[in-house]
Each structure stands twice: as C-alpha cells, then as structure tokens.
file data-v2.tsv (TSV, C-alpha atoms)
chain	number	residue	atom	x	y	z
A	955	MET	CA	0.00	0.00	0.00
A	956	LYS	CA	1.48	3.28	-1.15
A	957	LEU	CA	0.99	6.38	1.04
A	958	TYR	CA	0.75	9.96	-0.22
A	959	THR	CA	1.38	13.36	1.31
A	960	SER	CA	-1.34	15.94	1.92
A	961	LYS	CA	-0.03	17.85	-1.12
A	962	ILE	CA	-0.75	14.89	-3.44
A	963	ILE	CA	-4.12	14.25	-1.77
A	964	ALA	CA	-5.01	17.94	-2.16
A	965	SER	CA	-4.13	17.72	-5.84
A	966	TRP	CA	-6.26	14.58	-6.37
A	967	LEU	CA	-9.26	16.06	-4.51
A	968	ASP	CA	-8.80	19.53	-6.05
A	969	LEU	CA	-8.42	21.07	-2.60
A	970	SER	CA	-5.81	23.15	-0.84
A	971	GLU	CA	-3.44	21.45	1.59
A	972	ARG	CA	-5.00	23.53	4.35
A	973	ARG	CA	-8.47	22.17	3.50
A	974	VAL	CA	-7.10	18.60	3.59
A	975	ARG	CA	-5.78	19.27	7.10
A	976	GLN	CA	-9.17	20.77	8.11
A	977	LEU	CA	-10.95	17.68	6.82
A	978	ARG	CA	-8.47	15.52	8.76
A	979	ASP	CA	-9.18	17.53	11.94
A	980	GLU	CA	-12.94	17.20	11.35
A	981	GLY	CA	-12.55	13.41	11.07
A	982	VAL	CA	-13.54	13.23	7.41
A	983	LEU	CA	-10.09	12.09	6.27
A	984	THR	CA	-7.77	9.86	8.26
A	985	GLU	CA	-4.02	9.65	8.13
A	986	THR	CA	-2.45	6.21	7.89
A	987	LYS	CA	0.79	7.61	9.29
A	988	PRO	CA	1.39	11.21	10.41
A	989	GLY	CA	1.14	13.39	7.30
A	990	LEU	CA	0.56	10.40	4.98
A	991	TYR	CA	-2.70	9.14	3.50
A	992	GLU	CA	-3.81	6.09	1.56
A	993	LEU	CA	-5.14	7.42	-1.75
A	994	ARG	CA	-8.08	5.07	-2.38
A	995	SER	CA	-9.62	5.16	1.11
A	996	THR	CA	-9.11	8.94	1.33
A	997	VAL	CA	-10.90	9.53	-1.98
A	998	VAL	CA	-13.77	7.22	-0.95
A	999	ARG	CA	-14.16	8.97	2.43
A	1000	TYR	CA	-14.16	12.36	0.71
A	1001	ILE	CA	-16.84	11.24	-1.79
A	1002	ILE	CA	-19.00	9.96	1.09
A	1003	PHE	CA	-18.53	13.30	2.85
A	1004	LEU	CA	-19.63	15.18	-0.29
A	1005	ARG	CA	-22.70	12.97	-0.73
A	1006	LYS	CA	-23.82	13.63	2.81
A	1007	GLY	CA	-23.43	17.36	2.24
A	1008	SER	CA	-25.44	17.31	-0.99
A	1009	SER	CA	-28.19	15.18	0.51
A	1010	ASN	CA	-28.50	17.73	3.30
A	1011	LEU	CA	-28.85	20.44	0.68
A	1012	ASN	CA	-31.51	18.37	-1.09
A	1013	ASP	CA	-33.28	17.82	2.22
A	1014	GLU	CA	-33.21	21.56	2.90
A	1015	ARG	CA	-34.65	22.28	-0.53
A	1016	ALA	CA	-37.39	19.70	0.01
A	1017	MET	CA	-38.27	21.21	3.39
A	1018	LEU	CA	-38.35	24.71	1.88
A	1019	THR	CA	-40.61	23.52	-0.94
A	1020	LYS	CA	-42.90	21.81	1.58
A	1021	ALA	CA	-43.07	24.96	3.72
A	1022	LYS	CA	-43.90	27.09	0.68
A	1023	ARG	CA	-46.63	24.64	-0.34
A	1024	GLU	CA	-48.12	24.65	3.17
A	1025	ALA	CA	-48.06	28.46	3.24
A	1026	ALA	CA	-49.83	28.59	-0.14
A	1027	GLU	CA	-52.43	26.08	1.08
A	1028	MET	CA	-53.05	28.19	4.19
A	1029	GLU	CA	-53.38	31.33	2.07
A	1030	ASN	CA	-55.92	29.58	-0.16
A	1031	ALA	CA	-57.87	28.34	2.87
A	1032	LEU	CA	-57.94	31.90	4.25
A	1033	ARG	CA	-59.31	33.19	0.95
A	1034	LYS	CA	-61.94	30.44	0.79
A	1035	GLY	CA	-63.00	31.13	4.36
A	1036	THR	CA	-62.24	27.62	5.61
A	1037	LEU	CA	-59.39	28.91	7.77
A	1038	HIS	CA	-59.59	31.93	10.06
A	1039	GLU	CA	-56.89	34.01	11.64
A	1040	THR	CA	-56.52	33.73	15.38
A	1041	ALA	CA	-57.09	37.47	15.86
A	1042	ASP	CA	-60.46	37.28	14.09
A	1043	ILE	CA	-61.60	34.34	16.19
A	1044	GLU	CA	-60.43	36.01	19.40
A	1045	LYS	CA	-62.27	39.20	18.47
A	1046	GLY	CA	-65.48	37.27	17.72
A	1047	LEU	CA	-65.29	35.31	20.96
A	1048	GLN	CA	-64.56	38.45	22.93
A	1049	THR	CA	-67.58	40.20	21.41
A	1050	MET	CA	-69.80	37.20	22.07
A	1051	CYS	CA	-68.64	36.90	25.69
A	1052	LEU	CA	-69.12	40.61	26.31
A	1053	ASN	CA	-72.65	40.46	24.88
A	1054	ILE	CA	-73.54	37.45	27.03
A	1055	ARG	CA	-72.00	39.09	30.10
A	1056	SER	CA	-73.98	42.29	29.63
A	1057	ARG	CA	-77.19	40.34	29.06
A	1058	PHE	CA	-76.67	38.33	32.27
A	1059	LEU	CA	-75.82	41.45	34.24
A	1060	SER	CA	-79.00	43.13	33.02
A	1061	LEU	CA	-81.24	40.25	34.14
A	1062	PRO	CA	-81.75	41.39	37.76
A	1063	ALA	CA	-82.69	44.93	36.73
A	1064	LYS	CA	-85.00	43.61	34.03
A	1065	LEU	CA	-86.71	40.87	36.05
A	1066	ALA	CA	-86.92	42.35	39.57
A	1067	PRO	CA	-89.74	44.82	38.80
A	1068	ALA	CA	-91.81	42.19	36.99
A	1069	ILE	CA	-91.41	39.65	39.77
A	1070	ALA	CA	-92.10	42.23	42.50
A	1071	ALA	CA	-95.23	43.59	40.76
A	1072	LYS	CA	-97.05	40.28	40.80
A	1073	LYS	CA	-97.34	37.54	43.29
A	1074	TYR	CA	-95.82	34.61	41.44
A	1075	SER	CA	-95.61	31.07	42.73
A	1076	GLN	CA	-92.18	29.51	43.03
A	1077	ALA	CA	-92.78	27.52	39.82
A	1078	GLU	CA	-93.83	30.68	37.92
A	1079	ILE	CA	-90.74	32.57	39.15
A	1080	PHE	CA	-88.59	29.61	38.11
A	1081	ASP	CA	-90.17	29.55	34.63
A	1082	PHE	CA	-89.81	33.31	34.31
A	1083	LEU	CA	-86.11	33.22	35.26
A	1084	LYS	CA	-85.47	30.14	33.11
A	1085	GLN	CA	-86.98	31.85	30.07
A	1086	ALA	CA	-84.79	34.92	30.60
A	1087	VAL	CA	-81.64	32.80	31.03
A	1088	ASP	CA	-82.53	30.74	27.93
A	1089	GLU	CA	-82.90	33.94	25.89
A	1090	THR	CA	-79.49	35.06	27.09
A	1091	LEU	CA	-77.90	31.72	26.31
A	1092	GLU	CA	-79.41	31.87	22.85
A	1093	GLU	CA	-76.61	34.36	22.17
A	1094	LEU	CA	-74.24	31.38	22.05
A	1095	ASN	CA	-76.02	30.08	18.96
A	1096	LYS	CA	-75.30	33.33	17.15
A	1097	TYR	CA	-71.51	32.99	17.00
A	1098	GLN	CA	-71.51	32.71	13.19
A	1099	THR	CA	-73.72	35.78	12.92
A	1100	ILE	CA	-71.41	37.73	15.22
A	1101	LEU	CA	-68.33	36.70	13.23
A	1102	SER	CA	-69.97	37.55	9.90
A	1103	LEU	CA	-71.23	40.90	11.23
A	1104	GLU	CA	-67.70	41.75	12.37
A	1105	GLY	CA	-66.37	40.80	8.95
A	1106	ASP	CA	-69.00	43.05	7.32
A	1107	ALA	CA	-68.09	45.89	9.69
A	1108	GLU	CA	-64.40	45.51	8.90
A	1109	GLU	CA	-65.13	45.43	5.17
A	1110	SER	CA	-67.25	48.59	5.41
A	1111	GLU	CA	-64.49	50.29	7.42
A	1112	GLU	CA	-61.95	49.35	4.76
A	1113	LYS	CA	-64.25	50.75	2.05
A	1114	ASN	CA	-64.72	53.99	3.97
A	1115	HIS	CA	-60.95	54.51	4.33

call {"tool": "encode", "arguments": {"input": "data-v2.tsv", "output": "structure tokens"}}
result
Amino acid sequence: MKLYTSKIIASWLDLSERRVRQLRDEGVLTETKPGLYELRSTVVRYIIFLRKGSSNLNDERAMLTKAKREAAEMENALRKGTLHETADIEKGLQTMCLNIRSRFLSLPAKLAPAIAAKKYSQAEIFDFLKQAVDETLEELNKYQTILSLEGDAEESEEKNH
C-alpha cells in the first residue's frame, strides 16, 4: 500500500493542503501515518462526505418547498374562508362573551320589577327566570352571525378609508 502526502491528496481532490488538514481535523479524512494518506480510502471517504453534504442540501430544498406549499395552502384556505386568523376568532369570541355578560348582568334589573309587581308562585318565578336565562344563552347560537357581522363591519371600514 502506497501512502501519499497531503499535497498529493489535495491535488487529487482539487483542494488546498490547508483544506485537507481541516478535513483531517474534522474526522472526514484519516491519516495512515502522520502526514501520509492512503489514496483510495481517502478519496472514498471524501466522496461519502460530499454525498452527505449534498443530501443535506436536497433535504433543505425539500423542506423549503414543503413549507412554501403549506403556506400557499393556508393562504388559499384563508381566501376560501375555511381557515380563520386567530385574531379574528379572538375578536369574535370576545364580542360574544361581552354580549352574554352584559345580558346576564341586566337580568336582575330587568326581572326584579316584573317579579315584585305580581305575586308569582315559586314555579312561575322559576319559569320566568329560566326563560330569561334561555334567551341570554341563545346568544351562544349566534356565534356565526357575530363573526360575519364583524367581517362586514371591517369590510365597510376598509371601504370607507
């Protein structure tokens, strides 16, 4: 087995001697004896090193392509209305919760005079209160209306500006 210097190896691999030493330090190339390399095994190890590097580049390109495709799919879903931005959903839920809260807080003021004016039985008071609570909870069924009304309001604001 014939051994070659880093200068010969650099020439065969089209590298500088310094790069050969860097590859040796990184563990890509191995010296058979200090400063001497076996040509065949060194070339094979360098080719394997290059293949790993190019496959990483191919993997990166594939991941970038996948990310671009996913972004385009999300953009299309936003346009179709099958995907909503978090801010829009949060705004709709906040509006809905505020409406329900204000309706519940208004119940005592709304119902107290009616209950006090008449002498209701316990069952009638229960039915009266239940009906008022059910009307308030009906607000939960209107979440799509609230979201679409907000969208219409935003669109009209954009048109006005």

call {"tool": "atom_distance", "arguments": {"input": "data-v2.tsv", "atom1": "atom CA of Phe1082 of chain A", "atom2": "atom CA of Ala1070 of chain A"}}
result
12.3 Å

call {"tool": "closest_residue", "arguments": {"input": "data-v2.tsv", "among": "A:Leu1091, A:Ala1063, A:Ala1068, A:Ala964", "to": "Gln976 of chain A", "atoms": "all atoms listed in the file"}}
result
A:Ala964

call {"tool": "atom_distance", "arguments": {"input": "data-v2.tsv", "atom1": "atom CA of Glu985 of chain A", "atom2": "atom CA of Ile963 of chain A"}}
result
10.9 Å

call {"tool": "atom_distance", "arguments": {"input": "data-v2.tsv", "atom1": "atom CA of Lys961 of chain A", "atom2": "atom CA of Ser995 of chain A"}}
result
16.1 Å

call {"tool": "closest_residue", "arguments": {"input": "data-v2.tsv", "among": "A:Arg1057, A:Lys987, A:Arg978, A:Lys1020", "to": "Tyr1000 of chain A", "atoms": "all atoms listed in the file"}}
result
A:Arg978

call {"tool": "residues_around", "arguments": {"input": "data-v2.tsv", "residues": "Thr959 of chain A", "least_positions_apart": "4", "cutoff": "7 Å", "atoms": "all atoms listed in the file", "output": "list in words"}}
result
Ile963, Gly989, Leu990 and Tyr991 of chain A
